[in-house]
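Undergrad: Shown below is the structure under consideration.
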Amino acid sequence: MPTRLVLTALEDLPLIQPGDDLAGFILAAVKAADLRLENGDVIAVAQKVISKAEGRLVNLSDVAPSPEALEMGEQSGKDPRLVQLILS
């Protein structure tokens with residue numbers, strides 16, 4: 001039997017907030033799309049949405065960039081506070 005790869009983007013997922021039941025939202029979207037999960041199926045979820053559901057949010061105004069982040073931010077044109085979060 002040939003191997004198949006089928007990618008399906010789920011629609012109508014709400015914006016995820018801290019504490020949301022991400023798995024529940026995904027399962028509801030699967031059902032709303034009239035799909036059925038089968039043994040061996042793989043669900044790919046971006047880390048960003050997982051972090052949001054887990055409440056792992058950081059306010060950039062609270063981030064103090066290190067000298068390294070300041071230098072890298074200047075070289076890359078990126079906000080040094082964001083660079084600091086990536087380094088951390």
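Following the order of the structure tokens, first chain is A, next is B, and so on, with residues numbered from 1 inside each chain and ligands from 1 in the order they appear.
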Within 8 Å of stretch 28-36 of chain A, counting only C-alpha atoms, which residues qualify if same-chain residues fewer than 2 places away don't, as an MDAnalysis selection string?
TA: chainID A and resid 10:13 24:26 38
Undergrad: Suppose we keep C-alpha atoms; can you now write the selection as a CSV table (one decimal), in the first residue's frame?
TA:
chain,number,residue,atom,x,y,z
A,10,LEU,CA,-8.0,23.5,10.7
A,11,GLU,CA,-10.1,26.6,10.4
A,12,ASP,CA,-12.1,28.6,12.9
A,13,LEU,CA,-9.7,28.1,15.8
A,24,GLY,CA,-10.3,20.7,23.3
A,25,PHE,CA,-10.2,23.5,20.7
A,26,ILE,CA,-8.3,21.4,18.3
A,38,GLU,CA,-7.2,7.7,13.1
Undergrad: Skip A:Gln17 itself and residues of its chain fewer than 6 positions away, then list as a PyMOL selection string all residues within 10 Å of it, counting only C-alpha atoms.
TA: chain A and resi 49-55+57
Undergrad: Next, write the just-selected residues to a file, as a PDB file, in the first residue's frame, keeping N, CA and C atoms as the atom set.
TA:
ATOM      1  N   VAL A  49       1.515  28.846  19.973  1.00  0.00           N
ATOM      2  CA  VAL A  49       0.159  28.686  20.479  1.00  0.00           C
ATOM      3  C   VAL A  49       0.162  27.845  21.761  1.00  0.00           C
ATOM      4  N   ILE A  50       1.078  26.914  21.864  1.00  0.00           N
ATOM      5  CA  ILE A  50       1.204  26.127  23.097  1.00  0.00           C
ATOM      6  C   ILE A  50       1.650  27.031  24.240  1.00  0.00           C
ATOM      7  N   SER A  51       2.640  27.863  23.974  1.00  0.00           N
ATOM      8  CA  SER A  51       3.123  28.800  24.993  1.00  0.00           C
ATOM      9  C   SER A  51       2.007  29.735  25.450  1.00  0.00           C
ATOM     10  N   LYS A  52       1.205  30.218  24.507  1.00  0.00           N
ATOM     11  CA  LYS A  52       0.095  31.104  24.872  1.00  0.00           C
ATOM     12  C   LYS A  52      -0.889  30.382  25.779  1.00  0.00           C
ATOM     13  N   ALA A  53      -1.251  29.149  25.438  1.00  0.00           N
ATOM     14  CA  ALA A  53      -2.201  28.389  26.249  1.00  0.00           C
ATOM     15  C   ALA A  53      -1.646  28.118  27.644  1.00  0.00           C
ATOM     16  N   GLU A  54      -0.328  27.941  27.726  1.00  0.00           N
ATOM     17  CA  GLU A  54       0.318  27.679  29.016  1.00  0.00           C
ATOM     18  C   GLU A  54       0.564  28.958  29.818  1.00  0.00           C
ATOM     19  N   GLY A  55       0.238  30.105  29.227  1.00  0.00           N
ATOM     20  CA  GLY A  55       0.435  31.373  29.931  1.00  0.00           C
ATOM     21  C   GLY A  55       1.880  31.820  29.964  1.00  0.00           C
ATOM     22  N   LEU A  57       3.742  34.046  28.635  1.00  0.00           N
ATOM     23  CA  LEU A  57       3.796  35.310  27.927  1.00  0.00           C
ATOM     24  C   LEU A  57       4.728  36.258  28.668  1.00  0.00           C
TER      25      LEU A  57
END
Undergrad: Between A:Gln84, A:Leu5, A:Val45, A:Asn59, which one has atoms that come closest to A:Glu71, using only C-alpha atoms?
TA: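 Under the stated criterion, the closest residue is A:Gln84.
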Undergrad: Please determine, counting only C-alpha atoms, which residue among A:Asn39, A:Thr8, A:Gln47, A:Ser61 has the shortest atom-to-atom distance to A:Leu82.
TA: A:Ser61
Undergrad: Mind checking DSSP for chain A and telling me the alpha helix (DSSP H) residues as a PyMOL selection string?
TA: chain A and resi 22-32+47-53+67-76+80-87
Undergrad: With distances taken over only C-alpha atoms, which of A:Lys78, A:Arg4, A:Leu87, A:Ala69 is nearest to A:Gly40?
TA: A:Arg4
Undergrad: From the list A:Met1, A:Leu60, A:Ala9, A:Ile86, which residue is nearest A:Met72 when using only C-alpha atoms?
TA: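 Among the listed residues, the smallest separation from A:Met72 belongs to A:Ile86.
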Undergrad: Excluding A:Val6 and any residue of its chain fewer than 4 positions from it, enumerate the residues within 12 Å of it, using only C-alpha atoms, and give them as a PyMOL selection string.
TA: chain A and resi 41-43
Undergrad: As a VMD selection string, please: the residues near A:Arg81 (cut-off 6 Å, only C-alpha atoms, same-chain neighbours under 2 positions excluded).
TA: chain A and resid 63 65 79 83 to 84
Undergrad: Could you write those residues out with C-alpha atoms, as a PDB file, in the first residue's frame?
TA:
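Written out: result.pdb:
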ATOM      1  CA  VAL A  63      12.679  42.797  29.464  1.00  0.00           C
ATOM      2  CA  PRO A  65      18.409  43.445  27.235  1.00  0.00           C
ATOM      3  CA  ASP A  79      14.388  44.804  19.001  1.00  0.00           C
ATOM      4  CA  VAL A  83      16.787  39.225  21.045  1.00  0.00           C
ATOM      5  CA  GLN A  84      17.179  38.876  24.829  1.00  0.00           C
TER       6      GLN A  84
END
